[in-house]
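S.K.: File name target_20.pdb; file contents PDB, C-alpha atoms and all ligand atoms; full text below.
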```
ATOM      1  CA  MET A  59      -8.616  29.772  43.560
ATOM      2  CA  ARG A  60      -8.559  26.399  45.319
ATOM      3  CA  MET A  61     -11.699  24.563  46.360
ATOM      4  CA  THR A  62     -13.020  21.107  47.005
ATOM      5  CA  TYR A  63     -15.310  19.607  44.403
ATOM      6  CA  ALA A  64     -16.685  16.062  44.568
ATOM      7  CA  ASP A  65     -14.245  15.465  47.442
ATOM      8  CA  GLU A  66     -11.271  16.400  45.237
ATOM      9  CA  GLU A  67      -9.130  19.461  45.631
ATOM     10  CA  ILE A  68      -9.249  21.478  42.456
ATOM     11  CA  GLU A  69      -8.103  24.848  41.245
ATOM     12  CA  THR A  70      -9.812  27.313  38.947
ATOM     13  CA  VAL A  71      -7.536  28.610  36.229
ATOM     14  CA  GLY A  72      -8.027  31.753  34.176
ATOM     15  CA  GLN A  73     -10.656  34.411  34.445
ATOM     16  CA  PRO A  74     -14.206  34.239  33.213
ATOM     17  CA  ASN A  75     -14.443  35.619  29.705
ATOM     18  CA  GLY A  76     -16.198  38.933  30.252
ATOM     19  CA  THR A  77     -19.143  39.712  32.506
ATOM     20  CA  PRO A  78     -20.685  36.676  34.188
ATOM     21  CA  VAL A  79     -23.884  35.593  32.502
ATOM     22  CA  ARG A  80     -26.748  35.897  34.985
ATOM     23  CA  TRP A  81     -29.401  33.232  35.299
ATOM     24  CA  TRP A  82     -32.094  35.326  33.627
ATOM     25  CA  ARG A  83     -29.853  35.658  30.567
ATOM     26  CA  ARG A  84     -29.908  31.886  30.103
ATOM     27  CA  PRO A  85     -33.110  31.753  28.095
ATOM     28  CA  TRP A  86     -33.174  27.951  27.936
ATOM     29  CA  ILE A  87     -33.402  27.413  31.700
ATOM     30  CA  VAL A  88     -36.938  28.760  32.046
ATOM     31  CA  PRO A  89     -38.453  26.896  29.047
ATOM     32  CA  LEU A  90     -36.694  23.688  30.135
ATOM     33  CA  ALA A  91     -38.102  23.987  33.662
ATOM     34  CA  PHE A  92     -41.515  24.827  32.194
ATOM     35  CA  LEU A  93     -41.470  21.774  29.901
ATOM     36  CA  ILE A  94     -40.499  19.515  32.796
ATOM     37  CA  VAL A  95     -43.331  20.861  34.954
ATOM     38  CA  VAL A  96     -45.858  20.438  32.117
ATOM     39  CA  PHE A  97     -44.590  16.921  31.391
ATOM     40  CA  GLY A  98     -44.842  16.003  35.092
ATOM     41  CA  THR A  99     -48.340  17.454  35.370
ATOM     42  CA  PHE A 100     -49.652  15.310  32.512
ATOM     43  CA  SER A 101     -47.572  12.142  32.870
ATOM     44  CA  LEU A 102     -47.381  11.497  36.595
ATOM     45  CA  PRO A 103     -50.944  11.591  38.050
ATOM     46  CA  PRO A 104     -52.122   8.272  36.511
ATOM     47  CA  TYR A 105     -49.185   6.485  38.153
ATOM     48  CA  LEU A 106     -49.089   8.386  41.465
ATOM     49  CA  SER A 107     -52.737   7.363  42.020
ATOM     50  CA  LEU A 108     -51.457   3.740  42.186
ATOM     51  CA  ASP A 109     -54.562   2.709  40.263
ATOM     52  CA  PRO A 110     -53.529   0.178  37.562
ATOM     53  CA  SER A 111     -56.662   0.928  35.538
ATOM     54  CA  ARG A 112     -55.331   4.464  34.888
ATOM     55  CA  SER A 113     -52.035   3.194  33.423
ATOM     56  CA  ARG A 114     -51.424   4.100  29.787
ATOM     57  CA  VAL A 115     -49.309   0.969  29.322
ATOM     58  CA  PRO A 116     -51.308  -2.288  29.246
ATOM     59  CA  ALA A 117     -49.684  -4.779  31.638
ATOM     60  CA  PRO A 118     -48.727  -8.196  30.205
ATOM     61  CA  SER A 119     -51.003 -10.778  31.911
ATOM     62  CA  ASP A 120     -48.079 -13.082  32.772
ATOM     63  CA  PHE A 121     -46.000 -10.376  34.493
ATOM     64  CA  PRO A 122     -47.620  -9.126  37.751
ATOM     65  CA  LEU A 123     -44.599  -6.966  38.639
ATOM     66  CA  HIS A 124     -45.135  -4.822  35.524
ATOM     67  CA  TYR A 125     -47.290  -2.166  37.195
ATOM     68  CA  PRO A 126     -45.163  -1.757  40.386
ATOM     69  CA  LEU A 127     -42.064  -1.473  38.190
ATOM     70  CA  LEU A 128     -43.797   1.084  35.976
ATOM     71  CA  VAL A 129     -44.687   3.212  39.019
ATOM     72  CA  LEU A 130     -41.115   2.922  40.333
ATOM     73  CA  HIS A 131     -39.789   3.864  36.890
ATOM     74  CA  VAL A 132     -42.054   6.919  36.616
ATOM     75  CA  ILE A 133     -41.167   8.161  40.129
ATOM     76  CA  CYS A 134     -37.413   7.703  39.626
ATOM     77  CA  GLY A 135     -37.604   9.186  36.112
ATOM     78  CA  SER A 136     -39.291  12.240  37.629
ATOM     79  CA  ILE A 137     -36.568  12.558  40.273
ATOM     80  CA  ALA A 138     -33.984  12.469  37.471
ATOM     81  CA  LEU A 139     -35.895  15.083  35.452
ATOM     82  CA  GLY A 140     -36.293  17.309  38.535
ATOM     83  CA  CYS A 141     -32.533  17.235  39.170
ATOM     84  CA  VAL A 142     -31.599  17.971  35.560
ATOM     85  CA  VAL A 143     -32.508  21.659  35.590
ATOM     86  CA  PHE A 144     -30.195  22.428  38.505
ATOM     87  CA  GLN A 145     -27.335  20.238  37.356
ATOM     88  CA  ILE A 146     -27.165  21.593  33.827
ATOM     89  CA  TRP A 147     -27.584  25.230  34.885
ATOM     90  CA  PRO A 148     -24.091  26.831  34.897
ATOM     91  CA  TRP A 149     -25.012  29.596  37.349
ATOM     92  CA  PHE A 150     -26.314  27.081  39.887
ATOM     93  CA  ARG A 151     -23.257  24.824  39.438
ATOM     94  CA  ASN A 152     -20.868  27.696  40.031
ATOM     95  CA  HIS A 153     -22.662  29.210  43.018
ATOM     96  CA  HIS A 154     -23.800  26.078  44.837
ATOM     97  CA  ARG A 155     -21.118  23.452  44.491
ATOM     98  CA  THR A 156     -22.169  21.412  47.525
ATOM     99  CA  ALA A 157     -25.763  21.355  46.297
ATOM    100  CA  HIS A 158     -24.513  20.386  42.821
ATOM    101  CA  ARG A 159     -22.710  17.403  44.361
ATOM    102  CA  ARG A 160     -25.716  16.347  46.441
ATOM    103  CA  ILE A 161     -28.260  16.762  43.657
ATOM    104  CA  GLY A 162     -25.857  14.901  41.371
ATOM    105  CA  ARG A 163     -25.808  11.929  43.721
ATOM    106  CA  THR A 164     -29.609  12.033  43.952
ATOM    107  CA  TYR A 165     -29.820  12.171  40.134
ATOM    108  CA  VAL A 166     -27.675   9.058  39.787
ATOM    109  CA  LEU A 167     -28.612   6.966  42.820
ATOM    110  CA  ALA A 168     -32.320   7.807  43.262
ATOM    111  CA  GLY A 169     -33.120   8.729  39.661
ATOM    112  CA  VAL A 170     -31.230   7.096  36.822
ATOM    113  CA  LEU A 171     -30.035   3.908  38.519
ATOM    114  CA  PRO A 172     -33.385   2.576  39.820
ATOM    115  CA  GLY A 173     -35.354   4.273  37.011
ATOM    116  CA  GLY A 174     -33.066   2.824  34.349
ATOM    117  CA  LEU A 175     -33.070  -0.707  35.791
ATOM    118  CA  ALA A 176     -36.877  -0.666  36.035
ATOM    119  CA  GLY A 177     -37.007   0.847  32.506
ATOM    120  CA  LEU A 178     -34.820  -1.994  31.235
ATOM    121  CA  VAL A 179     -37.248  -4.647  32.533
ATOM    122  CA  LEU A 180     -40.253  -2.687  31.216
ATOM    123  CA  ALA A 181     -38.525  -2.345  27.854
ATOM    124  CA  ALA A 182     -37.919  -6.079  27.585
ATOM    125  CA  THR A 183     -41.595  -6.770  28.353
ATOM    126  CA  THR A 184     -43.219  -3.930  26.414
ATOM    127  CA  PRO A 185     -46.602  -4.687  24.839
ATOM    128  CA  PHE A 186     -45.884  -2.259  21.964
ATOM    129  CA  GLY A 187     -43.906  -4.591  19.718
ATOM    130  CA  PRO A 188     -40.332  -5.569  18.854
ATOM    131  CA  VAL A 189     -39.184  -2.299  17.259
ATOM    132  CA  ILE A 190     -39.840  -0.166  20.359
ATOM    133  CA  LYS A 191     -38.526  -3.040  22.490
ATOM    134  CA  VAL A 192     -35.077  -2.861  20.891
ATOM    135  CA  SER A 193     -35.115   0.953  21.008
ATOM    136  CA  SER A 194     -36.034   1.096  24.715
ATOM    137  CA  VAL A 195     -33.565  -1.629  25.743
ATOM    138  CA  MET A 196     -30.776   0.256  23.923
ATOM    139  CA  MET A 197     -31.860   3.528  25.492
ATOM    140  CA  ALA A 198     -32.012   2.067  29.011
ATOM    141  CA  LEU A 199     -28.549   0.507  28.658
ATOM    142  CA  LEU A 200     -27.119   3.772  27.317
ATOM    143  CA  TRP A 201     -28.833   5.819  30.043
ATOM    144  CA  LEU A 202     -27.341   3.604  32.743
ATOM    145  CA  GLY A 203     -23.908   3.246  31.118
ATOM    146  CA  ILE A 204     -23.462   6.911  30.208
ATOM    147  CA  THR A 205     -24.650   8.178  33.602
ATOM    148  CA  LEU A 206     -22.462   5.785  35.574
ATOM    149  CA  THR A 207     -19.465   6.768  33.432
ATOM    150  CA  GLY A 208     -20.149  10.459  34.193
ATOM    151  CA  PHE A 209     -20.461   9.640  37.900
ATOM    152  CA  VAL A 210     -17.184   7.685  37.955
ATOM    153  CA  MET A 211     -15.426  10.535  36.097
ATOM    154  CA  ALA A 212     -16.524  12.999  38.794
ATOM    155  CA  ARG A 213     -15.366  10.638  41.551
ATOM    156  CA  ARG A 214     -11.961  10.418  39.846
ATOM    157  CA  GLY A 215     -11.725  14.206  39.523
ATOM    158  CA  ARG A 216     -11.845  14.078  35.705
ATOM    159  CA  PHE A 217     -14.300  16.957  35.475
ATOM    160  CA  VAL A 218     -13.985  17.741  31.783
ATOM    161  CA  GLU A 219     -14.986  14.185  30.899
ATOM    162  CA  HIS A 220     -17.568  14.219  33.707
ATOM    163  CA  ARG A 221     -19.225  17.222  32.061
ATOM    164  CA  ARG A 222     -19.294  15.582  28.621
ATOM    165  CA  TRP A 223     -20.809  12.319  29.865
ATOM    166  CA  MET A 224     -23.369  14.105  32.014
ATOM    167  CA  ILE A 225     -24.491  16.281  29.095
ATOM    168  CA  ARG A 226     -25.185  13.030  27.214
ATOM    169  CA  SER A 227     -26.982  11.603  30.243
ATOM    170  CA  PHE A 228     -29.158  14.709  30.676
ATOM    171  CA  THR A 229     -29.942  14.597  26.962
ATOM    172  CA  LEU A 230     -31.284  11.058  27.283
ATOM    173  CA  THR A 231     -33.266  12.040  30.389
ATOM    174  CA  CYS A 232     -34.854  15.010  28.630
ATOM    175  CA  SER A 233     -35.449  13.037  25.421
ATOM    176  CA  ILE A 234     -38.521  11.625  27.187
ATOM    177  CA  ILE A 235     -40.101  15.084  26.723
ATOM    178  CA  LEU A 236     -39.045  15.259  23.068
ATOM    179  CA  ASN A 237     -40.594  11.783  22.732
ATOM    180  CA  ARG A 238     -44.062  13.199  23.437
ATOM    181  CA  PHE A 239     -43.769  15.841  20.695
ATOM    182  CA  VAL A 240     -42.363  13.327  18.201
ATOM    183  CA  ALA A 241     -45.224  10.930  19.045
ATOM    184  CA  VAL A 242     -47.799  13.552  18.086
ATOM    185  CA  ALA A 243     -45.971  14.390  14.825
ATOM    186  CA  VAL A 244     -45.542  10.717  13.839
ATOM    187  CA  PHE A 245     -49.196  10.022  14.654
ATOM    188  CA  LEU A 246     -50.370  12.974  12.545
ATOM    189  CA  VAL A 247     -48.246  11.839   9.578
ATOM    190  CA  LEU A 248     -49.185   8.141   9.734
ATOM    191  CA  GLN A 249     -52.806   8.345  10.856
ATOM    192  CA  PRO A 250     -54.205   9.186   7.376
ATOM    193  CA  GLN A 251     -52.451   6.034   6.083
ATOM    194  CA  GLN A 252     -54.154   3.752   8.595
ATOM    195  CA  ASN A 253     -56.394   2.163   5.981
ATOM    196  CA  THR A 254     -53.841   2.184   3.159
ATOM    197  CA  THR A 255     -50.269   1.517   4.351
ATOM    198  CA  PHE A 256     -51.502  -0.360   7.433
ATOM    199  CA  ALA A 257     -54.497  -2.041   5.747
ATOM    200  CA  GLY A 258     -56.700  -1.050   8.713
ATOM    201  CA  ASN A 259     -54.609  -3.145  11.126
ATOM    202  CA  GLU A 260     -54.532  -1.133  14.379
ATOM    203  CA  THR A 261     -51.874  -3.255  16.116
ATOM    204  CA  TRP A 262     -49.529  -2.778  13.191
ATOM    205  CA  PHE A 263     -50.231   0.965  13.160
ATOM    206  CA  VAL A 264     -49.585   1.329  16.927
ATOM    207  CA  GLN A 265     -46.360  -0.693  16.809
ATOM    208  CA  VAL A 266     -44.929   1.214  13.836
ATOM    209  CA  THR A 267     -45.887   4.593  15.367
ATOM    210  CA  ALA A 268     -44.356   3.637  18.743
ATOM    211  CA  GLY A 269     -41.224   2.210  17.097
ATOM    212  CA  ILE A 270     -40.521   5.254  14.910
ATOM    213  CA  THR A 271     -41.212   7.593  17.843
ATOM    214  CA  GLY A 272     -38.928   5.691  20.220
ATOM    215  CA  TRP A 273     -35.975   5.443  17.863
ATOM    216  CA  LEU A 274     -36.267   9.013  16.528
ATOM    217  CA  SER A 275     -36.520  10.715  19.926
ATOM    218  CA  TRP A 276     -33.375   9.533  21.652
ATOM    219  CA  THR A 277     -31.110   9.117  18.617
ATOM    220  CA  VAL A 278     -31.824  12.642  17.350
ATOM    221  CA  ALA A 279     -31.401  14.084  20.869
ATOM    222  CA  LEU A 280     -28.088  12.279  21.360
ATOM    223  CA  LEU A 281     -26.801  13.328  17.921
ATOM    224  CA  LEU A 282     -27.655  16.959  18.711
ATOM    225  CA  ALA A 283     -25.800  16.686  22.027
ATOM    226  CA  GLU A 284     -22.716  15.288  20.244
ATOM    227  CA  TRP A 285     -22.867  18.072  17.669
ATOM    228  CA  TRP A 286     -23.123  20.648  20.450
ATOM    229  CA  LEU A 287     -20.232  19.118  22.405
ATOM    230  CA  GLU A 288     -17.985  19.105  19.333
ATOM    231  CA  ARG A 289     -19.009  22.580  18.274
ATOM    232  CA  ARG A 290     -18.400  24.151  21.691
ATOM    233  CA  PRO A 291     -15.603  22.330  23.488
ATOM    234  CA  TYR A 292     -15.138  23.119  27.153
ATOM    235  CA  PRO A 293     -15.125  25.778  28.511
ATOM    236  CA  ALA A 294     -17.967  27.096  26.421
ATOM    237  CA  ASP A 295     -19.752  28.775  29.298
ATOM    238  CA  ARG A 296     -18.535  32.298  29.641
ATOM    239  CA  ASP A 297     -19.073  32.358  33.396
ATOM    240  CA  THR A 298     -17.457  29.000  34.060
ATOM    241  CA  PRO A 299     -13.809  29.159  34.988
ATOM    242  CA  ARG A 300     -11.732  26.157  33.983
ATOM    243  CA  LEU A 301     -11.478  23.478  36.662
ATOM    244  CA  VAL A 302      -8.433  21.288  36.789
ATOM    245  CA  SER A 303      -6.890  19.169  39.504
ATOM    246  CA  VAL A 304      -4.221  20.809  41.626
ATOM    247  CA  SER A 305      -1.629  18.202  40.662
ATOM    248  CA  ALA A 306      -2.250  18.932  36.961
ATOM    249  CA  VAL A 307      -1.695  22.668  37.535
ATOM    250  CA  ALA A 308       1.476  22.004  39.517
ATOM    251  CA  ASN A 309       2.688  19.772  36.709
ATOM    252  CA  LEU A 310       2.007  22.467  34.116
ATOM    253  CA  LYS A 311       3.668  25.172  36.191
ATOM    254  CA  GLN A 312       6.747  22.981  36.430
ATOM    255  CA  GLN A 313       6.818  22.386  32.692
ATOM    256  CA  SER A 314       6.243  26.081  32.116
ATOM    257  CA  ALA A 315       9.182  27.042  34.323
ATOM    258  CA  ALA A 316      11.358  24.452  32.598
ATOM    259  CA  THR A 317      10.604  25.773  29.112
ATOM    260  CA  LYS A 318      11.091  29.388  30.265
ATOM    261  CA  ALA A 319      14.527  28.465  31.569
ATOM    262  CA  GLN A 320      15.554  27.272  28.110
ATOM    263  CA  PRO A 321      16.868  29.851  25.598
ATOM    264  CA  GLY A 322      13.891  31.305  23.742
ATOM    265  CA  GLY A 323      11.473  29.490  26.058
ATOM    266  CA  THR A 324       8.047  31.051  26.643
ATOM    267  CA  GLY A 325       6.450  29.058  29.404
ATOM    268  CA  ARG A 326       3.739  28.181  26.920
ATOM    269  CA  TYR A 327       2.243  25.233  28.816
ATOM    270  CA  TYR A 328       0.811  27.261  31.655
ATOM    271  CA  SER A 329      -0.228  30.186  29.487
ATOM    272  CA  ARG A 330      -2.060  27.755  27.211
ATOM    273  CA  LEU A 331      -3.966  26.498  30.215
ATOM    274  CA  CYS A 332      -4.881  30.048  31.195
ATOM    275  CA  LYS A 333      -6.052  30.711  27.654
ATOM    276  CA  GLN A 334      -8.334  27.737  27.993
ATOM    277  CA  GLY A 335      -9.688  29.345  31.130
ATOM    278  CA  VAL A 336     -10.739  32.447  29.261
ATOM    279  CA  GLY A 337     -12.414  30.449  26.559
ATOM    280  CA  VAL A 338      -9.815  30.453  23.803
ATOM    281  CA  ARG A 339     -10.018  27.177  21.894
ATOM    282  CA  VAL A 340      -6.414  26.022  22.026
ATOM    283  CA  PRO A 341      -6.177  22.237  22.194
ATOM    284  CA  LEU A 342      -3.848  21.092  24.936
ATOM    285  CA  ALA A 343      -1.389  18.723  23.365
ATOM    286  CA  PRO A 344       0.805  16.250  25.257
ATOM    287  CA  PRO A 345       2.813  16.584  27.451
ATOM    288  CA  CYS A 346       0.203  18.848  29.093
ATOM    289  CA  ASP A 347      -1.497  16.193  31.120
ATOM    290  CA  VAL A 348      -4.478  18.228  32.214
ATOM    291  CA  SER A 349      -6.864  16.047  34.118
ATOM    292  CA  GLY A 350      -9.594  14.797  31.871
ATOM    293  CA  HIS A 351      -8.937  16.965  28.821
ATOM    294  CA  ARG A 352      -9.406  15.018  25.627
TER     295      ARG A 352
HETATM  296  C1  LIG B 401     -34.108   7.481  29.475
HETATM  297  C2  LIG B 401     -34.384   6.216  29.612
HETATM  298  C3  LIG B 401     -35.789   5.669  29.698
HETATM  299  C4  LIG B 401     -36.190   4.469  29.219
HETATM  300  C5  LIG B 401     -35.349   3.458  28.499
HETATM  301  C6  LIG B 401     -37.593   4.344  29.488
HETATM  302  C7  LIG B 401     -38.373   3.242  29.172
HETATM  303  C8  LIG B 401     -39.720   3.133  29.400
HETATM  304  C9  LIG B 401     -40.532   1.998  29.085
HETATM  305  C10 LIG B 401     -40.019   0.720  28.431
HETATM  306  C11 LIG B 401     -41.797   2.275  29.443
HETATM  307  C12 LIG B 401     -43.050   1.367  29.308
HETATM  308  C13 LIG B 401     -43.719   1.678  27.984
HETATM  309  C14 LIG B 401     -43.467   0.566  27.031
HETATM  310  O1  LIG B 401     -43.717  -0.582  27.394
HETATM  311  O2  LIG B 401     -43.052   0.847  25.884
HETATM  312  C15 LIG B 401     -41.812   3.591  29.988
HETATM  313  C16 LIG B 401     -42.931   4.240  30.432
HETATM  314  C17 LIG B 401     -42.914   5.485  30.994
HETATM  315  N1  LIG B 401     -41.815   6.259  31.263
HETATM  316 FE1  LIG B 401     -39.928   5.837  30.741
HETATM  317  N2  LIG B 401     -38.028   5.484  30.119
HETATM  318  C18 LIG B 401     -36.966   6.313  30.283
HETATM  319  C19 LIG B 401     -36.941   7.550  30.897
HETATM  320  C20 LIG B 401     -38.026   8.129  31.500
HETATM  321  C21 LIG B 401     -38.001   9.376  32.206
HETATM  322  C22 LIG B 401     -36.777  10.252  32.451
HETATM  323  C23 LIG B 401     -39.265   9.629  32.610
HETATM  324  C24 LIG B 401     -39.684  10.840  33.376
HETATM  325  C25 LIG B 401     -40.618  10.832  34.266
HETATM  326  C26 LIG B 401     -40.104   8.538  32.135
HETATM  327  C27 LIG B 401     -41.465   8.446  32.300
HETATM  328  C28 LIG B 401     -42.256   7.411  31.843
HETATM  329  C29 LIG B 401     -43.687   7.391  31.936
HETATM  330  C30 LIG B 401     -44.579   8.488  32.519
HETATM  331  C31 LIG B 401     -44.092   6.179  31.409
HETATM  332  C32 LIG B 401     -45.528   5.637  31.254
HETATM  333  C33 LIG B 401     -45.976   5.783  29.821
HETATM  334  C34 LIG B 401     -46.954   6.907  29.650
HETATM  335  O3  LIG B 401     -47.781   7.147  30.527
HETATM  336  O4  LIG B 401     -46.872   7.572  28.601
HETATM  337  N3  LIG B 401     -39.308   7.648  31.480
HETATM  338  N4  LIG B 401     -40.539   4.086  29.958
END
```
Write the structure described by the file as C-alpha cells, please.
Ligand code: HEM
M.R.:
Amino acid sequence: MRMTYADEEIETVGQPNGTPVRWWRRPWIVPLAFLIVVFGTFSLPPYLSLDPSRSRVPAPSDFPLHYPLLVLHVICGSIALGCVVFQIWPWFRNHHRTAHRRIGRTYVLAGVLPGGLAGLVLAATTPFGPVIKVSSVMMALLWLGITLTGFVMARRGRFVEHRRWMIRSFTLTCSIILNRFVAVAVFLVLQPQQNTTFAGNETWFVQVTAGITGWLSWTVALLLAEWWLERRPYPADRDTPRLVSVSAVANLKQQSAATKAQPGGTGRYYSRLCKQGVGVRVPLAPPCDVSGHR
C-alpha cells in the first residue's frame, strides 16, 4: 500500500504478523499516561501560578531570568510529555498518520527545542552543585541533539532511523518521571547517613543526593532504551507493517528480478524485505539499500 508520511511517499511491505494488537492490549500505554498525569498534577501548579515564592528551585540572585526560564522550561517540558504518549503508541501511529506528523512537530518545535534550550541555561546556573550541573547540561545537549536527529531523519524519509532516535528522545523525556522515583530512593538511602558520611553538612547532602539522582535517572533510562532497541530490532511491533521509501522498494524489486533471471536465482532481495515486514529478523545486507535500515 502506498501512502504519504512526513511529506514522503512510502510503501508498506509485508503483512502484519498475526492479529493486530488493539490499544487495550498494550498494557504500558495506560500506566504511562497515568504517570504523566500524576507527574503533571504535582509538578506543574507551583510554576503555572507564576508565583516565584512557590518555586522548588531557588533562583540565583544574580540571574533575574532564572524564574521566567524555569516556567518556560516546565511548560515546554509538559508539552513534550503530553505528546509522548501518542507518538510512542503504535496503534495511534498506524491509524492517525497526519496527527502523528502534527503532534511530532509540536513535540519537537514547541516541546523539546524551547524546553531543552531553557533547560540548558537552567542547568548551567543550577544552585544544586557541580555534579548535577554536569549531568543536566549533558542531558539537555543529548535531548536536543537526539530529538533533532530523529526529526531530520523523518524529514529525509529515513523512518527506521527516525524511530530509533525518537525512542531515545522519548526515553529522555520520560526519564524526568523516573527521576522523581530515584530521588525518593536515593534520599531514603542517604538520609540516615546525614550525620555520619555528610558530617551534618546539609548543602553537601543535598548536592550529593541531587547529583546521584540526576546521573542515575537518565543514564539508566537511556541504557534500557538501547538494550530494548538491540533486543527487538524493527519491526518489533506486530501490528506495524514495514515502511520503506518507494524508490527503495523499486530498487529491491529490480534486484529481485535480476537474480531470478539468473540460473538458480531466487529473487531473495525482495522476499527478504517481505520477511522483514512480517517480523522475521533477517538482517538486510548490501546491496539491499533499504532506506534507513542499519
Ligand atoms: C530531558 C531534559 C531535561 C533537562 C536537561 C532538564 C533540566 C532541568 C533543570 C536544570 C532544572 C532546574 C533544576 C536545577 O537547577 O537543577 C529543571 C527543573 C524542572 N524541570 Fe526539567 N529538564 C528536562 C526535562 C524536563 C521535562 C520533560 C519536564 C516535564 C514537565 C521537566 C520539568 C521540570 C520541572 C517541573 C522542574 C522544576 C523542578 C521541580 O519543581 O522539581 N523537565 N529541569
S.K.: Just give me the gap between atom CA of Gly169 of chain A and atom CA of Ile137 of chain A in Å, one decimal is fine.
M.R.: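 About the pair atom CA of Gly169 of chain A and atom CA of Ile137 of chain A: they are 5.2 Å apart.
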S.K.: Between atom CA of Met224 of chain A and atom CA of Gly208 of chain A, measure the distance and give it in Å to one decimal.
M.R.: 5.3 Å
S.K.: At a cut-off of 6 Å, can you tabulate as a Markdown table every residue of chain A near ligand LIG 401 (chain B) together with its closest atom pair and the distance in Å to one decimal, using all atoms listed in the file and ordering rows by chain then number?
M.R.:
```
| residue | atom | partner | partner_atom | distance |
| --- | --- | --- | --- | --- |
| A:Ser101 | CA | B:LIG401 | C30 | 4.7 |
| A:Leu102 | CA | B:LIG401 | C30 | 5.8 |
| A:Arg114 | CA | B:LIG401 | O3 | 4.8 |
| A:Val115 | CA | B:LIG401 | C13 | 5.8 |
| A:Val132 | CA | B:LIG401 | C27 | 4.6 |
| A:Gly135 | CA | B:LIG401 | C24 | 3.8 |
| A:Ser136 | CA | B:LIG401 | C25 | 3.9 |
| A:Leu139 | CA | B:LIG401 | C22 | 5.8 |
| A:Gly174 | CA | B:LIG401 | C2 | 6.0 |
| A:Gly177 | CA | B:LIG401 | C7 | 4.3 |
| A:Leu180 | CA | B:LIG401 | C10 | 4.4 |
| A:Ala181 | CA | B:LIG401 | C10 | 3.5 |
| A:Thr184 | CA | B:LIG401 | O1 | 3.5 |
| A:Pro185 | CA | B:LIG401 | O1 | 5.6 |
| A:Phe186 | CA | B:LIG401 | O2 | 5.7 |
| A:Ser194 | CA | B:LIG401 | C5 | 4.5 |
| A:Met197 | CA | B:LIG401 | C5 | 4.6 |
| A:Ala198 | CA | B:LIG401 | C5 | 3.7 |
| A:Trp201 | CA | B:LIG401 | C1 | 5.6 |
| A:Leu230 | CA | B:LIG401 | C1 | 5.1 |
| A:Thr231 | CA | B:LIG401 | C22 | 4.4 |
| A:Ile234 | CA | B:LIG401 | C21 | 5.5 |
```
S.K.: So how far away is atom CA of Trp285 of chain A from atom CA of Thr229 of chain A, in Å?
M.R.: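 Separation between atom CA of Thr229 of chain A and atom CA of Trp285 of chain A: 12.2 Å.
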S.K.: To test the calculation: enclose all listed atoms of segment 225-242 of chain A in a box whose edges run along x, y and z, add 5 Å on each side, then state centre and edge lengths in Å to one decimal, as lines of an AutoDock Vina configuration file.
M.R.:
```
center_x = -36.1
center_y = 13.6
center_z = 24.4
size_x = 33.3
size_y = 15.4
size_z = 22.6
```
S.K.: For the file shown, what are the residues hit by the PyMOL selection byres (((chain A and resi 278) around 12) and not hetatm), laid out as a VMD selection string?
M.R.: chain A and resid 226 229 to 230 232 to 234 236 to 237 240 270 to 277 279 to 285
S.K.: Would you list the residues near (-43.9, -2.3, 18.0) (no more than 8 Å away, in the coordinates of the file, using only C-alpha atoms) as a ChimeraX atom specification?
M.R.: /A:185-191,262,264-269
S.K.: Restricting the output to C-alpha atoms, write the selected residues as a compact mmCIF listing (two decimals), in the frame of the given file.
M.R.:
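Generated file (result_10.txt):
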```
# COMPACT_ATOMS: atom_id res chain seq x y z
CA PRO A 185 -46.60 -4.69 24.84
CA PHE A 186 -45.88 -2.26 21.96
CA GLY A 187 -43.91 -4.59 19.72
CA PRO A 188 -40.33 -5.57 18.85
CA VAL A 189 -39.18 -2.30 17.26
CA ILE A 190 -39.84 -0.17 20.36
CA LYS A 191 -38.53 -3.04 22.49
CA TRP A 262 -49.53 -2.78 13.19
CA VAL A 264 -49.58 1.33 16.93
CA GLN A 265 -46.36 -0.69 16.81
CA VAL A 266 -44.93 1.21 13.84
CA THR A 267 -45.89 4.59 15.37
CA ALA A 268 -44.36 3.64 18.74
CA GLY A 269 -41.22 2.21 17.10
```
S.K.: Which residues come within 12 Å of Pro110 of chain A, counting only C-alpha atoms, excluding same-chain residues fewer than 4 positions away, as a ChimeraX atom specification?
M.R.: /A:103-106,114-117,122-129
S.K.: My list of candidates is A:Arg159, A:Thr183, A:Pro118, A:Val242. Which is closest to Phe209 of chain A when distances are computed with all atoms listed in the file?
M.R.: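 Of the candidates, the smallest distance to Phe209 of chain A is held by A:Arg159.
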S.K.: Nearest residue to His131 of chain A out of A:Val218, A:Arg163, A:Ala176, A:His154, using only C-alpha atoms?
M.R.: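 Of A:Val218, A:Arg163, A:Ala176, A:His154, the one nearest His131 of chain A is A:Ala176, counting only C-alpha atoms.
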S.K.: Measuring between only C-alpha atoms, which one of A:Gly98, A:Pro148, A:Gly215, A:Pro89 shows the shortest distance to Ile133 of chain A?
M.R.: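 Checking each candidate against Ile133 of chain A, we get A:Gly98 as the closest.
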S.K.: Can you tell me which residues surround Phe263 of chain A at a distance of at most 10 Å, considering only C-alpha atoms, apart from same-chain residues fewer than 5 positions away, and format the answer as a ChimeraX atom specification?
M.R.: /A:245,248-249,251-253,255-258,268-269
S.K.: Considering all atoms listed in the file, return as a ChimeraX atom specification whatever protein or nucleic-acid residues lie within 10 Å of Trp147 of chain A, sequence-local ones (same chain, fewer than 2 positions apart) excluded.
M.R.: /A:81,84,86-87,142-145,149-152,158
S.K.: Keeping just N, CA and C atoms, export segment 271-275 of chain A of this structure as a compact mmCIF listing (two decimals), in the first residue's frame.
M.R.:
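File out-v3.txt, as written:
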```txt
# COMPACT_ATOMS: atom_id res chain seq x y z
N THR A 271 21.01 11.35 41.88
CA THR A 271 19.68 11.21 41.27
C THR A 271 19.72 11.59 39.79
N GLY A 272 20.32 12.75 39.51
CA GLY A 272 20.36 13.24 38.12
C GLY A 272 21.07 12.26 37.21
N TRP A 273 22.28 11.88 37.59
CA TRP A 273 23.05 10.98 36.73
C TRP A 273 22.36 9.63 36.55
N LEU A 274 21.89 9.04 37.68
CA LEU A 274 21.28 7.71 37.60
C LEU A 274 20.07 7.69 36.68
N SER A 275 19.20 8.71 36.81
CA SER A 275 17.90 8.66 36.13
C SER A 275 18.06 8.55 34.61
```
